$ cat query02.pdb   # PDB, C-alpha atoms and all ligand atoms
ATOM      1  CA  MET A 249      87.201  68.281 -30.509
ATOM      2  CA  GLN A 250      89.500  65.330 -30.940
ATOM      3  CA  GLN A 251      89.505  62.594 -28.412
ATOM      4  CA  GLU A 252      91.435  59.401 -28.085
ATOM      5  CA  SER A 253      91.040  56.540 -25.689
ATOM      6  CA  LEU A 254      94.055  55.052 -24.003
ATOM      7  CA  ARG A 255      91.913  51.979 -23.330
ATOM      8  CA  PRO A 256      89.656  49.898 -25.612
ATOM      9  CA  THR A 257      86.948  52.063 -27.173
ATOM     10  CA  THR A 258      83.327  51.965 -26.091
ATOM     11  CA  PRO A 259      80.254  51.395 -28.245
ATOM     12  CA  PRO A 260      78.814  54.531 -29.863
ATOM     13  CA  GLY A 261      75.494  55.997 -28.867
ATOM     14  CA  ARG A 262      75.996  56.725 -25.174
ATOM     15  CA  GLN A 263      76.881  60.386 -25.544
ATOM     16  CA  SER A 264      76.738  62.233 -22.251
ATOM     17  CA  ALA A 265      76.508  65.860 -23.285
ATOM     18  CA  GLU A 266      76.957  68.155 -26.237
ATOM     19  CA  TRP A 267      76.850  71.910 -26.643
ATOM     20  CA  ARG A 268      76.819  73.959 -29.779
ATOM     21  CA  SER A 269      77.908  77.539 -30.479
ATOM     22  CA  ALA A 270      79.360  79.442 -33.374
ATOM     23  CA  ALA A 271      83.060  79.824 -32.572
ATOM     24  CA  PRO A 272      84.720  82.796 -34.266
ATOM     25  CA  SER A 273      87.758  81.887 -36.339
ATOM     26  CA  LEU A 274      91.230  82.626 -34.990
ATOM     27  CA  VAL A 275      91.712  85.502 -37.412
ATOM     28  CA  GLU A 276      88.319  87.105 -36.666
ATOM     29  CA  ASP A 277      88.842  86.805 -32.947
ATOM     30  CA  VAL A 278      92.388  88.204 -33.015
ATOM     31  CA  LEU A 279      91.507  91.101 -35.313
ATOM     32  CA  SER A 280      88.424  92.107 -33.354
ATOM     33  CA  GLY A 281      90.524  92.117 -30.166
ATOM     34  CA  LEU A 282      93.323  94.178 -31.704
ATOM     35  CA  LEU A 283      90.911  96.660 -33.299
ATOM     36  CA  ALA A 284      89.145  97.213 -29.957
ATOM     37  CA  SER A 285      90.106  99.872 -27.448
ATOM     38  CA  PRO A 286      91.925  98.920 -25.281
ATOM     39  CA  LYS A 287      93.472  96.191 -27.428
ATOM     40  CA  ARG A 288      92.888  92.638 -26.191
ATOM     41  CA  LEU A 289      94.007  89.105 -26.994
ATOM     42  CA  SER A 290      92.395  86.006 -25.546
ATOM     43  CA  PRO A 291      94.521  84.104 -22.987
ATOM     44  CA  THR A 292      93.526  80.951 -24.897
ATOM     45  CA  TYR A 293      96.356  81.819 -27.289
ATOM     46  CA  PHE A 294      98.982  81.353 -24.557
ATOM     47  CA  TYR A 295      98.626  77.609 -24.746
ATOM     48  CA  ASP A 296     100.430  76.391 -27.812
ATOM     49  CA  GLU A 297     103.049  73.743 -27.131
ATOM     50  CA  ARG A 298     105.703  76.227 -25.964
ATOM     51  CA  GLY A 299     103.139  78.155 -23.907
ATOM     52  CA  SER A 300     102.002  75.005 -22.133
ATOM     53  CA  GLN A 301     105.628  74.180 -21.275
ATOM     54  CA  LEU A 302     106.187  77.712 -19.977
ATOM     55  CA  PHE A 303     103.043  77.486 -17.884
ATOM     56  CA  ASP A 304     104.350  74.281 -16.280
ATOM     57  CA  GLU A 305     107.549  76.224 -15.448
ATOM     58  CA  ILE A 306     105.495  79.064 -13.949
ATOM     59  CA  CYS A 307     103.828  76.565 -11.611
ATOM     60  CA  GLU A 308     107.273  75.731 -10.153
ATOM     61  CA  LEU A 309     108.384  79.343  -9.623
ATOM     62  CA  PRO A 310     109.012  80.512  -6.064
ATOM     63  CA  GLU A 311     106.844  83.621  -6.621
ATOM     64  CA  TYR A 312     103.881  81.680  -8.072
ATOM     65  CA  TYR A 313     102.244  80.488  -4.861
ATOM     66  CA  ILE A 314      98.982  79.271  -6.451
ATOM     67  CA  THR A 315     100.093  75.775  -7.456
ATOM     68  CA  ARG A 316     101.915  75.079  -4.187
ATOM     69  CA  THR A 317      99.051  76.334  -2.055
ATOM     70  CA  GLU A 318      96.443  74.376  -3.931
ATOM     71  CA  THR A 319      98.566  71.240  -3.776
ATOM     72  CA  GLU A 320      98.802  71.640   0.010
ATOM     73  CA  ILE A 321      95.019  72.048   0.215
ATOM     74  CA  LEU A 322      94.461  68.943  -1.901
ATOM     75  CA  GLU A 323      96.997  66.939   0.109
ATOM     76  CA  ARG A 324      95.165  67.845   3.264
ATOM     77  CA  TYR A 325      91.611  67.335   1.988
ATOM     78  CA  ALA A 326      91.825  64.732  -0.833
ATOM     79  CA  THR A 327      90.441  61.968   1.378
ATOM     80  CA  ALA A 328      87.469  64.085   2.429
ATOM     81  CA  ILE A 329      86.817  65.255  -1.154
ATOM     82  CA  ALA A 330      86.981  61.657  -2.438
ATOM     83  CA  ALA A 331      84.497  60.576   0.225
ATOM     84  CA  ARG A 332      82.059  63.220  -1.013
ATOM     85  CA  ILE A 333      82.558  62.121  -4.657
ATOM     86  CA  GLY A 334      81.801  58.473  -3.883
ATOM     87  CA  PRO A 335      82.269  55.394  -6.123
ATOM     88  CA  ASP A 336      82.021  55.002  -9.932
ATOM     89  CA  ALA A 337      82.200  58.693 -10.840
ATOM     90  CA  LEU A 338      83.400  60.074 -14.163
ATOM     91  CA  LEU A 339      86.054  62.665 -13.294
ATOM     92  CA  VAL A 340      86.342  65.387 -15.958
ATOM     93  CA  GLU A 341      89.283  67.742 -15.540
ATOM     94  CA  LEU A 342      89.062  70.970 -17.544
ATOM     95  CA  GLY A 343      92.409  72.426 -18.658
ATOM     96  CA  SER A 344      94.206  69.381 -17.287
ATOM     97  CA  GLY A 345      97.763  70.352 -18.370
ATOM     98  CA  ALA A 346     100.273  67.987 -16.781
ATOM     99  CA  SER A 347      97.523  66.411 -14.581
ATOM    100  CA  THR A 348      99.926  66.674 -11.644
ATOM    101  CA  LYS A 349      97.479  67.674  -8.922
ATOM    102  CA  THR A 350      94.926  65.195 -10.186
ATOM    103  CA  ARG A 351      97.026  62.342  -8.829
ATOM    104  CA  LEU A 352      96.237  63.489  -5.317
ATOM    105  CA  LEU A 353      92.556  62.860  -6.043
ATOM    106  CA  LEU A 354      93.111  59.738  -8.158
ATOM    107  CA  ASP A 355      95.067  58.145  -5.306
ATOM    108  CA  GLU A 356      91.925  58.442  -3.183
ATOM    109  CA  LEU A 357      89.490  57.354  -5.933
ATOM    110  CA  PRO A 358      90.428  53.755  -6.864
ATOM    111  CA  ASP A 359      86.894  53.026  -8.128
ATOM    112  CA  LEU A 360      86.451  55.858 -10.658
ATOM    113  CA  ALA A 361      84.458  54.920 -13.791
ATOM    114  CA  ALA A 362      86.968  56.909 -15.891
ATOM    115  CA  TYR A 363      89.145  59.996 -15.946
ATOM    116  CA  VAL A 364      88.660  62.543 -18.755
ATOM    117  CA  PRO A 365      91.490  65.096 -18.995
ATOM    118  CA  VAL A 366      90.476  67.982 -21.288
ATOM    119  CA  ASP A 367      93.124  70.289 -22.729
ATOM    120  CA  ILE A 368      93.651  72.400 -25.829
ATOM    121  CA  SER A 369      97.296  71.398 -26.352
ATOM    122  CA  ARG A 370      97.133  67.970 -27.953
ATOM    123  CA  SER A 371     100.731  66.826 -27.490
ATOM    124  CA  HIS A 372     100.770  68.014 -23.903
ATOM    125  CA  LEU A 373      97.416  66.323 -23.222
ATOM    126  CA  MET A 374      98.444  63.009 -24.747
ATOM    127  CA  GLU A 375     101.785  62.897 -22.902
ATOM    128  CA  ALA A 376     100.074  63.601 -19.585
ATOM    129  CA  ALA A 377      97.273  61.103 -20.304
ATOM    130  CA  HIS A 378      99.799  58.353 -21.091
ATOM    131  CA  ARG A 379     101.647  59.076 -17.861
ATOM    132  CA  ILE A 380      98.384  58.813 -15.880
ATOM    133  CA  ALA A 381      97.377  55.612 -17.681
ATOM    134  CA  ASP A 382     100.790  54.090 -16.874
ATOM    135  CA  ALA A 383     100.564  55.074 -13.226
ATOM    136  CA  TYR A 384      96.932  53.895 -12.822
ATOM    137  CA  PRO A 385      96.663  50.758 -14.984
ATOM    138  CA  ASP A 386      93.103  49.925 -13.852
ATOM    139  CA  LEU A 387      91.765  53.369 -14.718
ATOM    140  CA  GLU A 388      90.164  54.155 -18.069
ATOM    141  CA  VAL A 389      91.739  57.411 -19.272
ATOM    142  CA  LEU A 390      89.845  59.226 -22.046
ATOM    143  CA  PRO A 391      91.749  62.374 -23.071
ATOM    144  CA  ALA A 392      89.669  64.990 -24.895
ATOM    145  CA  CYS A 393      91.520  67.609 -26.932
ATOM    146  CA  ALA A 394      89.204  70.604 -26.739
ATOM    147  CA  ASP A 395      88.908  74.260 -25.839
ATOM    148  CA  PHE A 396      86.591  73.773 -22.879
ATOM    149  CA  THR A 397      85.125  77.264 -23.336
ATOM    150  CA  ARG A 398      83.610  76.002 -26.589
ATOM    151  CA  PRO A 399      81.131  73.172 -27.229
ATOM    152  CA  PHE A 400      82.545  69.677 -26.924
ATOM    153  CA  SER A 401      81.235  66.171 -26.300
ATOM    154  CA  LEU A 402      82.185  64.142 -23.269
ATOM    155  CA  PRO A 403      83.709  60.804 -24.260
ATOM    156  CA  ARG A 404      81.870  57.652 -23.274
ATOM    157  CA  SER A 405      83.431  55.415 -20.677
ATOM    158  CA  ARG A 406      83.177  51.633 -20.738
ATOM    159  CA  ARG A 407      81.598  51.662 -17.294
ATOM    160  CA  ILE A 408      78.408  53.657 -16.870
ATOM    161  CA  PRO A 409      79.300  56.346 -14.329
ATOM    162  CA  SER A 410      77.232  56.964 -11.230
ATOM    163  CA  ARG A 411      77.775  60.714 -11.603
ATOM    164  CA  VAL A 412      79.942  63.266 -13.387
ATOM    165  CA  ILE A 413      82.336  65.361 -11.327
ATOM    166  CA  VAL A 414      84.061  68.338 -12.918
ATOM    167  CA  PHE A 415      87.508  69.071 -11.493
ATOM    168  CA  PHE A 416      88.615  72.629 -12.265
ATOM    169  CA  PRO A 417      91.656  73.430 -10.139
ATOM    170  CA  GLY A 418      94.407  75.996 -10.610
ATOM    171  CA  SER A 419      92.327  79.172 -10.264
ATOM    172  CA  THR A 420      91.600  79.102 -14.011
ATOM    173  CA  ILE A 421      88.107  80.382 -13.241
ATOM    174  CA  GLY A 422      89.909  83.616 -12.281
ATOM    175  CA  ASN A 423      90.890  84.095 -15.933
ATOM    176  CA  PHE A 424      87.237  84.604 -16.844
ATOM    177  CA  ASP A 425      85.553  87.938 -16.179
ATOM    178  CA  PRO A 426      82.688  87.392 -13.717
ATOM    179  CA  PRO A 427      79.856  87.221 -16.315
ATOM    180  CA  ALA A 428      81.856  84.729 -18.404
ATOM    181  CA  ALA A 429      82.757  82.772 -15.255
ATOM    182  CA  ILE A 430      79.063  82.439 -14.488
ATOM    183  CA  GLU A 431      78.361  81.264 -18.055
ATOM    184  CA  LEU A 432      81.172  78.697 -17.819
ATOM    185  CA  MET A 433      79.827  77.432 -14.528
ATOM    186  CA  LYS A 434      76.430  77.001 -16.182
ATOM    187  CA  VAL A 435      78.148  74.857 -18.839
ATOM    188  CA  MET A 436      79.760  72.814 -16.046
ATOM    189  CA  ARG A 437      76.363  72.432 -14.423
ATOM    190  CA  GLY A 438      75.104  71.040 -17.758
ATOM    191  CA  MET A 439      77.990  68.545 -17.824
ATOM    192  CA  VAL A 440      77.338  67.207 -14.347
ATOM    193  CA  THR A 441      73.542  67.237 -14.443
ATOM    194  CA  PRO A 442      72.344  63.651 -14.820
ATOM    195  CA  ARG A 443      70.231  62.600 -17.808
ATOM    196  CA  LEU A 444      66.798  61.775 -16.447
ATOM    197  CA  SER A 445      66.870  58.208 -17.804
ATOM    198  CA  SER A 446      70.312  57.289 -16.458
ATOM    199  CA  GLY A 447      69.271  56.995 -12.846
ATOM    200  CA  SER A 448      72.603  58.460 -11.811
ATOM    201  CA  ALA A 449      73.195  60.632  -8.759
ATOM    202  CA  SER A 450      73.622  64.379  -9.039
ATOM    203  CA  GLY A 451      77.066  65.496 -10.098
ATOM    204  CA  GLY A 452      79.519  67.864  -8.516
ATOM    205  CA  LEU A 453      82.273  70.399  -8.983
ATOM    206  CA  VAL A 454      85.659  70.615  -7.297
ATOM    207  CA  ILE A 455      86.972  74.087  -8.119
ATOM    208  CA  GLY A 456      90.000  76.128  -7.061
ATOM    209  CA  PHE A 457      89.920  79.926  -6.959
ATOM    210  CA  ASP A 458      92.495  82.376  -5.654
ATOM    211  CA  LEU A 459      91.976  84.797  -2.781
ATOM    212  CA  GLN A 460      92.718  88.527  -2.664
ATOM    213  CA  LYS A 461      96.031  89.320  -0.981
ATOM    214  CA  ASP A 462      98.831  91.898  -0.753
ATOM    215  CA  PRO A 463      99.147  93.481  -4.239
ATOM    216  CA  ALA A 464     102.960  93.228  -4.046
ATOM    217  CA  VAL A 465     102.695  89.452  -3.609
ATOM    218  CA  LEU A 466     100.273  89.275  -6.531
ATOM    219  CA  GLU A 467     102.388  91.393  -8.872
ATOM    220  CA  ARG A 468     105.501  89.329  -8.097
ATOM    221  CA  ALA A 469     103.563  86.124  -8.794
ATOM    222  CA  TYR A 470     102.798  87.440 -12.282
ATOM    223  CA  ASP A 471     106.170  89.102 -12.953
ATOM    224  CA  ASP A 472     108.801  86.689 -11.651
ATOM    225  CA  ALA A 473     112.487  87.484 -11.340
ATOM    226  CA  ALA A 474     113.523  84.773 -13.819
ATOM    227  CA  GLY A 475     111.288  86.278 -16.529
ATOM    228  CA  VAL A 476     109.346  83.072 -17.222
ATOM    229  CA  THR A 477     105.950  84.821 -17.050
ATOM    230  CA  ALA A 478     107.245  87.555 -19.358
ATOM    231  CA  GLU A 479     108.299  84.876 -21.843
ATOM    232  CA  PHE A 480     104.891  83.170 -21.461
ATOM    233  CA  ASN A 481     103.127  86.454 -22.200
ATOM    234  CA  LEU A 482     105.309  87.337 -25.205
ATOM    235  CA  ASN A 483     104.826  83.829 -26.570
ATOM    236  CA  VAL A 484     101.298  84.913 -27.595
ATOM    237  CA  LEU A 485     102.863  87.141 -30.235
ATOM    238  CA  ARG A 486     105.113  84.317 -31.422
ATOM    239  CA  HIS A 487     102.015  82.128 -31.680
ATOM    240  CA  LEU A 488     100.247  84.744 -33.859
ATOM    241  CA  ASN A 489     103.341  85.218 -36.047
ATOM    242  CA  ARG A 490     103.430  81.494 -36.675
ATOM    243  CA  ASN A 491      99.709  80.804 -37.099
ATOM    244  CA  LEU A 492      98.510  83.996 -38.789
ATOM    245  CA  GLY A 493     101.719  85.156 -40.482
ATOM    246  CA  ALA A 494     101.644  88.265 -38.249
ATOM    247  CA  SER A 495     104.707  90.528 -38.100
ATOM    248  CA  PHE A 496     105.037  91.179 -34.335
ATOM    249  CA  ASP A 497     108.577  92.147 -33.316
ATOM    250  CA  LEU A 498     108.898  90.508 -29.877
ATOM    251  CA  GLU A 499     111.689  92.938 -28.968
ATOM    252  CA  ALA A 500     109.262  95.845 -29.352
ATOM    253  CA  PHE A 501     106.842  94.705 -26.613
ATOM    254  CA  ARG A 502     107.412  94.295 -22.883
ATOM    255  CA  HIS A 503     105.535  92.316 -20.246
ATOM    256  CA  GLN A 504     103.571  94.061 -17.473
ATOM    257  CA  ALA A 505     101.528  92.628 -14.580
ATOM    258  CA  LEU A 506      99.357  95.246 -12.888
ATOM    259  CA  TRP A 507      97.020  94.931  -9.884
ATOM    260  CA  VAL A 508      93.731  96.730 -10.654
ATOM    261  CA  PRO A 509      92.007  97.068  -7.264
ATOM    262  CA  GLU A 510      88.632  98.278  -8.537
ATOM    263  CA  ALA A 511      88.244  95.070 -10.565
ATOM    264  CA  SER A 512      90.080  92.904  -8.002
ATOM    265  CA  ARG A 513      92.341  91.457 -10.649
ATOM    266  CA  ILE A 514      95.841  91.282 -12.025
ATOM    267  CA  GLU A 515      95.976  92.434 -15.627
ATOM    268  CA  MET A 516      98.656  90.866 -17.776
ATOM    269  CA  ARG A 517      99.606  93.221 -20.568
ATOM    270  CA  LEU A 518     102.064  93.536 -23.418
ATOM    271  CA  ILE A 519     103.228  97.125 -23.748
ATOM    272  CA  SER A 520     104.352  98.449 -27.107
ATOM    273  CA  THR A 521     107.745 100.034 -26.435
ATOM    274  CA  LYS A 522     107.430 102.402 -29.423
ATOM    275  CA  ARG A 523     105.049 103.681 -32.087
ATOM    276  CA  GLN A 524     104.771 100.872 -34.565
ATOM    277  CA  SER A 525     102.558  99.025 -37.035
ATOM    278  CA  VAL A 526     102.009  95.285 -37.245
ATOM    279  CA  ARG A 527     100.637  93.403 -40.257
ATOM    280  CA  ILE A 528      98.213  90.661 -39.461
ATOM    281  CA  ALA A 529      95.965  88.803 -41.916
ATOM    282  CA  GLY A 530      95.960  91.667 -44.424
ATOM    283  CA  GLU A 531      95.223  94.348 -41.791
ATOM    284  CA  VAL A 532      97.662  96.888 -40.415
ATOM    285  CA  ILE A 533      97.327  97.446 -36.658
ATOM    286  CA  SER A 534      98.908 100.634 -35.282
ATOM    287  CA  PHE A 535     100.338 100.946 -31.784
ATOM    288  CA  ASP A 536     101.274 104.095 -29.903
ATOM    289  CA  ALA A 537     104.343 104.049 -27.667
ATOM    290  CA  ASP A 538     103.333 102.565 -24.275
ATOM    291  CA  GLU A 539     100.014 101.299 -25.621
ATOM    292  CA  PRO A 540      98.973  98.012 -23.949
ATOM    293  CA  ILE A 541      97.480  94.827 -25.313
ATOM    294  CA  ILE A 542      95.595  93.177 -22.441
ATOM    295  CA  THR A 543      96.331  89.465 -22.643
ATOM    296  CA  GLU A 544      94.846  88.110 -19.417
ATOM    297  CA  HIS A 545      92.707  88.992 -16.400
ATOM    298  CA  CYS A 546      93.428  87.046 -13.194
ATOM    299  CA  HIS A 547      90.545  87.703 -10.806
ATOM    300  CA  LYS A 548      91.064  87.346  -7.068
ATOM    301  CA  TYR A 549      88.095  86.690  -4.818
ATOM    302  CA  THR A 550      87.021  86.591  -1.229
ATOM    303  CA  PRO A 551      85.007  83.475  -0.268
ATOM    304  CA  GLU A 552      81.917  85.741  -0.176
ATOM    305  CA  SER A 553      82.492  87.397  -3.557
ATOM    306  CA  PHE A 554      83.089  84.002  -5.188
ATOM    307  CA  ALA A 555      79.914  82.541  -3.705
TER     308      ALA A 555
HETATM  309  C1  LIG B   1      95.937  79.441 -15.715
HETATM  310  N1  LIG B   1      95.795  80.564 -14.786
HETATM  311  C2  LIG B   1      95.089  80.157 -13.593
HETATM  312  C3  LIG B   1      97.019  81.265 -14.476
HETATM  313  C4  LIG B   1      96.719  82.407 -13.480
HETATM  314  O1  LIG B   1      97.362  82.448 -12.453
HETATM  315  O2  LIG B   1      95.824  83.216 -13.740
HETATM  316  C5  LIG B   1      97.653  81.795 -15.735
HETATM  317  C6  LIG B   1      98.890  82.582 -15.491
HETATM  318  N2  LIG B   1      99.163  83.713 -16.074
HETATM  319  C7  LIG B   1     100.326  84.134 -15.659
HETATM  320  N3  LIG B   1     100.801  83.299 -14.780
HETATM  321  C8  LIG B   1      99.913  82.306 -14.662
END
$ encode --input "query02.pdb" --output "structure tokens"
Amino acid sequence: MQQESLRPTTPPGRQSAEWRSAAPSLVEDVLSGLLASPKRLSPTYFYDERGSQLFDEICELPEYYITRTETEILERYATAIAARIGPDALLVELGSGASTKTRLLLDELPDLAAYVPVDISRSHLMEAAHRIADAYPDLEVLPACADFTRPFSLPRSRRIPSRVIVFFPGSTIGNFDPPAAIELMKVMRGMVTPRLSSGSASGGLVIGFDLQKDPAVLERAYDDAAGVTAEFNLNVLRHLNRNLGASFDLEAFRHQALWVPEASRIEMRLISTKRQSVRIAGEVISFDADEPIITEHCHKYTPESFA
């Protein structure tokens, strides 16, 4: 992880939390996904610089109701949520992106110890963090460039926080299959659980998840008329061409968003439009015509199934 303070740095030695795991390399992960049946690629690879920009565009699309709906919910309940969070908290936002919705909470939390936006796209993260720091000059902003599904250390704030609150909006939890979602929530629990010696209050989680609804509405949300989501999906292949020297022909794959009722999820796929082979890191991967690569699962819940 790389992290950078937009405020004066704090003394070392007050590390809040750290997790360790053996992360597979990009090439191992991509090859094992493409050699599996059905073929899979991790949605993590959407978020290079271009992918992060495209995702911001998706959030503005008329068909993509998630961002608008969640913003309305936050507008209505930010005061009540802030009252539950209380003073001097460390607010950690996972997958912070443009940090747009966060402002609704920050406006109601003038006495935060610090705000920690966490995102995998460094340039995107730093731009957003600078914008937040400019808009909230009294707030310590500690951006952390990390893949939050992997081990990373929380930065130390100048003020000792009363508690850690994880903010995980945007229905990103829906992109994890249920067992992985449970594991991630255990990691979040570790982040917010107070060290015994700190005397701090118990932490909390503010999380957004999406509800089941008419499949036609869902499929439109993930296959918009302007083709932005298609471009976002295909950008994964561009990312692999650039970073692994892969030979994907973007014209030979098409975007598909399919509602799978038995799993209660949208599956984002890239469909090979013909029989073809792709070279990637010394391996040759063969595709049949119409063969999918599954690039993302977007799980939809009921309040009961989420609980
Ligand atoms: C980031 N995540 C919550 C989005 C979603 O709705 O599952 C990603 C996305 N994929 C296509 N459109 C948006």
$ residues_around --input "query02.pdb" --residues "Ala474 of chain A" --least-positions-apart "4" --cutoff "12 Å" --atoms "all atoms listed in the file" --output "PDB file with C-alpha atoms, keeping the file's coordinate frame"
ATOM      1  CA  LEU A 302     106.187  77.712 -19.977  1.00  0.00           C
ATOM      2  CA  GLU A 305     107.549  76.224 -15.448  1.00  0.00           C
ATOM      3  CA  ILE A 306     105.495  79.064 -13.949  1.00  0.00           C
ATOM      4  CA  GLU A 308     107.273  75.731 -10.153  1.00  0.00           C
ATOM      5  CA  LEU A 309     108.384  79.343  -9.623  1.00  0.00           C
ATOM      6  CA  PRO A 310     109.012  80.512  -6.064  1.00  0.00           C
ATOM      7  CA  GLU A 311     106.844  83.621  -6.621  1.00  0.00           C
ATOM      8  CA  TYR A 312     103.881  81.680  -8.072  1.00  0.00           C
ATOM      9  CA  ARG A 468     105.501  89.329  -8.097  1.00  0.00           C
ATOM     10  CA  ALA A 469     103.563  86.124  -8.794  1.00  0.00           C
ATOM     11  CA  TYR A 470     102.798  87.440 -12.282  1.00  0.00           C
ATOM     12  CA  ALA A 478     107.245  87.555 -19.358  1.00  0.00           C
ATOM     13  CA  GLU A 479     108.299  84.876 -21.843  1.00  0.00           C
ATOM     14  CA  PHE A 480     104.891  83.170 -21.461  1.00  0.00           C
TER      15      PHE A 480
END
$ resolve_selection --input "query02.pdb" --expression "the PyMOL selection byres (((not hetatm)) within 9 of (chain B and resi 1))" --output "PyMOL selection string"
chain A and resi 291+294+303+306-307+312+314-315+343+417-423+457-458+469-471+476-478+480-481+505+514+516+544-547
$ atom_distance --input "query02.pdb" --atom1 "atom CA of Ala328 of chain A" --atom2 "atom CA of Val340 of chain A"
18.5 Å
$ residues_around --input "query02.pdb" --residues "Thr550 of chain A" --least-positions-apart "3" --cutoff "7 Å" --atoms "only C-alpha atoms" --output "PyMOL selection string"
chain A and resi 459-460+553-554
$ closest_residue --input "query02.pdb" --among "A:Ala473, A:Ala428, A:Leu322, A:Ile408" --to "Ile455 of chain A" --atoms "all atoms listed in the file"
A:Leu322
$ residues_near_point --input "query02.pdb" --point "(77.4, 59.4, -1.6)" --cutoff "12 Å" --atoms "all atoms listed in the file" --output "PDB file with C-alpha atoms, keeping the file's coordinate frame"
ATOM      1  CA  ALA A 328      87.469  64.085   2.429  1.00  0.00           C
ATOM      2  CA  ILE A 329      86.817  65.255  -1.154  1.00  0.00           C
ATOM      3  CA  ALA A 330      86.981  61.657  -2.438  1.00  0.00           C
ATOM      4  CA  ALA A 331      84.497  60.576   0.225  1.00  0.00           C
ATOM      5  CA  ARG A 332      82.059  63.220  -1.013  1.00  0.00           C
ATOM      6  CA  ILE A 333      82.558  62.121  -4.657  1.00  0.00           C
ATOM      7  CA  GLY A 334      81.801  58.473  -3.883  1.00  0.00           C
ATOM      8  CA  PRO A 335      82.269  55.394  -6.123  1.00  0.00           C
ATOM      9  CA  ASP A 336      82.021  55.002  -9.932  1.00  0.00           C
ATOM     10  CA  ALA A 337      82.200  58.693 -10.840  1.00  0.00           C
ATOM     11  CA  SER A 410      77.232  56.964 -11.230  1.00  0.00           C
ATOM     12  CA  ARG A 411      77.775  60.714 -11.603  1.00  0.00           C
ATOM     13  CA  SER A 448      72.603  58.460 -11.811  1.00  0.00           C
ATOM     14  CA  ALA A 449      73.195  60.632  -8.759  1.00  0.00           C
ATOM     15  CA  SER A 450      73.622  64.379  -9.039  1.00  0.00           C
ATOM     16  CA  GLY A 451      77.066  65.496 -10.098  1.00  0.00           C
ATOM     17  CA  GLY A 452      79.519  67.864  -8.516  1.00  0.00           C
TER      18      GLY A 452
END
$ resolve_selection --input "query02.pdb" --expression "the PyMOL selection byres (((chain A and resi 374) around 12) and not hetatm)" --output "NGL selection string"
:A and (250-254 or 297 or 344-347 or 364-373 or 375-381 or 389-393)
$ residues_around --input "query02.pdb" --residues "segment 486-489 of chain A" --least-positions-apart "6" --cutoff "12 Å" --atoms "all atoms listed in the file" --output "mmCIF file with C-alpha atoms, in the coordinates of the input"
data_model
loop_
_atom_site.group_PDB
_atom_site.id
_atom_site.type_symbol
_atom_site.label_atom_id
_atom_site.label_comp_id
_atom_site.auth_asym_id
_atom_site.auth_seq_id
_atom_site.Cartn_x
_atom_site.Cartn_y
_atom_site.Cartn_z
ATOM 1 C CA LEU A 274 91.230 82.626 -34.990
ATOM 2 C CA VAL A 275 91.712 85.502 -37.412
ATOM 3 C CA ASP A 277 88.842 86.805 -32.947
ATOM 4 C CA VAL A 278 92.388 88.204 -33.015
ATOM 5 C CA LEU A 279 91.507 91.101 -35.313
ATOM 6 C CA LEU A 282 93.323 94.178 -31.704
ATOM 7 C CA LEU A 289 94.007 89.105 -26.994
ATOM 8 C CA SER A 290 92.395 86.006 -25.546
ATOM 9 C CA PRO A 291 94.521 84.104 -22.987
ATOM 10 C CA THR A 292 93.526 80.951 -24.897
ATOM 11 C CA TYR A 293 96.356 81.819 -27.289
ATOM 12 C CA PHE A 294 98.982 81.353 -24.557
ATOM 13 C CA TYR A 295 98.626 77.609 -24.746
ATOM 14 C CA ASP A 296 100.430 76.391 -27.812
ATOM 15 C CA GLU A 297 103.049 73.743 -27.131
ATOM 16 C CA ARG A 298 105.703 76.227 -25.964
ATOM 17 C CA GLY A 299 103.139 78.155 -23.907
ATOM 18 C CA SER A 300 102.002 75.005 -22.133
ATOM 19 C CA GLU A 479 108.299 84.876 -21.843
ATOM 20 C CA PHE A 480 104.891 83.170 -21.461
ATOM 21 C CA SER A 495 104.707 90.528 -38.100
ATOM 22 C CA PHE A 496 105.037 91.179 -34.335
ATOM 23 C CA ASP A 497 108.577 92.147 -33.316
ATOM 24 C CA LEU A 498 108.898 90.508 -29.877
ATOM 25 C CA GLU A 499 111.689 92.938 -28.968
ATOM 26 C CA PHE A 501 106.842 94.705 -26.613
ATOM 27 C CA VAL A 526 102.009 95.285 -37.245
ATOM 28 C CA ARG A 527 100.637 93.403 -40.257
ATOM 29 C CA ILE A 528 98.213 90.661 -39.461
ATOM 30 C CA ALA A 529 95.965 88.803 -41.916
#
$ atom_distance --input "query02.pdb" --atom1 "atom CA of Ile413 of chain A" --atom2 "atom CA of Lys461 of chain A"
29.5 Å
$ atom_distance --input "query02.pdb" --atom1 "atom CA of Ser285 of chain A" --atom2 "atom CA of Gly530 of chain A"
19.7 Å
$ residues_near_point --input "query02.pdb" --point "(88.8, 53.0, -18.4)" --cutoff "7 Å" --atoms "only C-alpha atoms" --output "list in words"
Arg255, Ala361, Ala362, Asp386, Leu387, Glu388, Val389, Ser405 and Arg406 of chain A
$ resolve_selection --input "query02.pdb" --expression "the PyMOL selection byres (((chain A and resi 351-356) around 7) and not hetatm)" --output "PyMOL selection string"
chain A and resi 322-323+326-327+330+348-350+357-358
$ closest_residue --input "query02.pdb" --among "A:Leu485, A:Ala494, A:Glu510, A:Glu341" --to "Met436 of chain A" --atoms "all atoms listed in the file"
A:Glu341
$ residues_around --input "query02.pdb" --residues "Ala500 of chain A" --least-positions-apart "3" --cutoff "8 Å" --atoms "all atoms listed in the file" --output "compact mmCIF listing (two decimals) with C-alpha atoms, in the frame of the given file"
# COMPACT_ATOMS: atom_id res chain seq x y z
CA ASP A 497 108.58 92.15 -33.32
CA SER A 520 104.35 98.45 -27.11
CA THR A 521 107.74 100.03 -26.44
CA LYS A 522 107.43 102.40 -29.42
$ residues_around --input "query02.pdb" --residues "Val435 of chain A" --least-positions-apart "5" --cutoff "10 Å" --atoms "all atoms listed in the file" --output "list of chain:residue names"
A:Trp267, A:Phe396, A:Thr397, A:Arg398, A:Pro399, A:Ala429, A:Ile430, A:Val440, A:Thr441
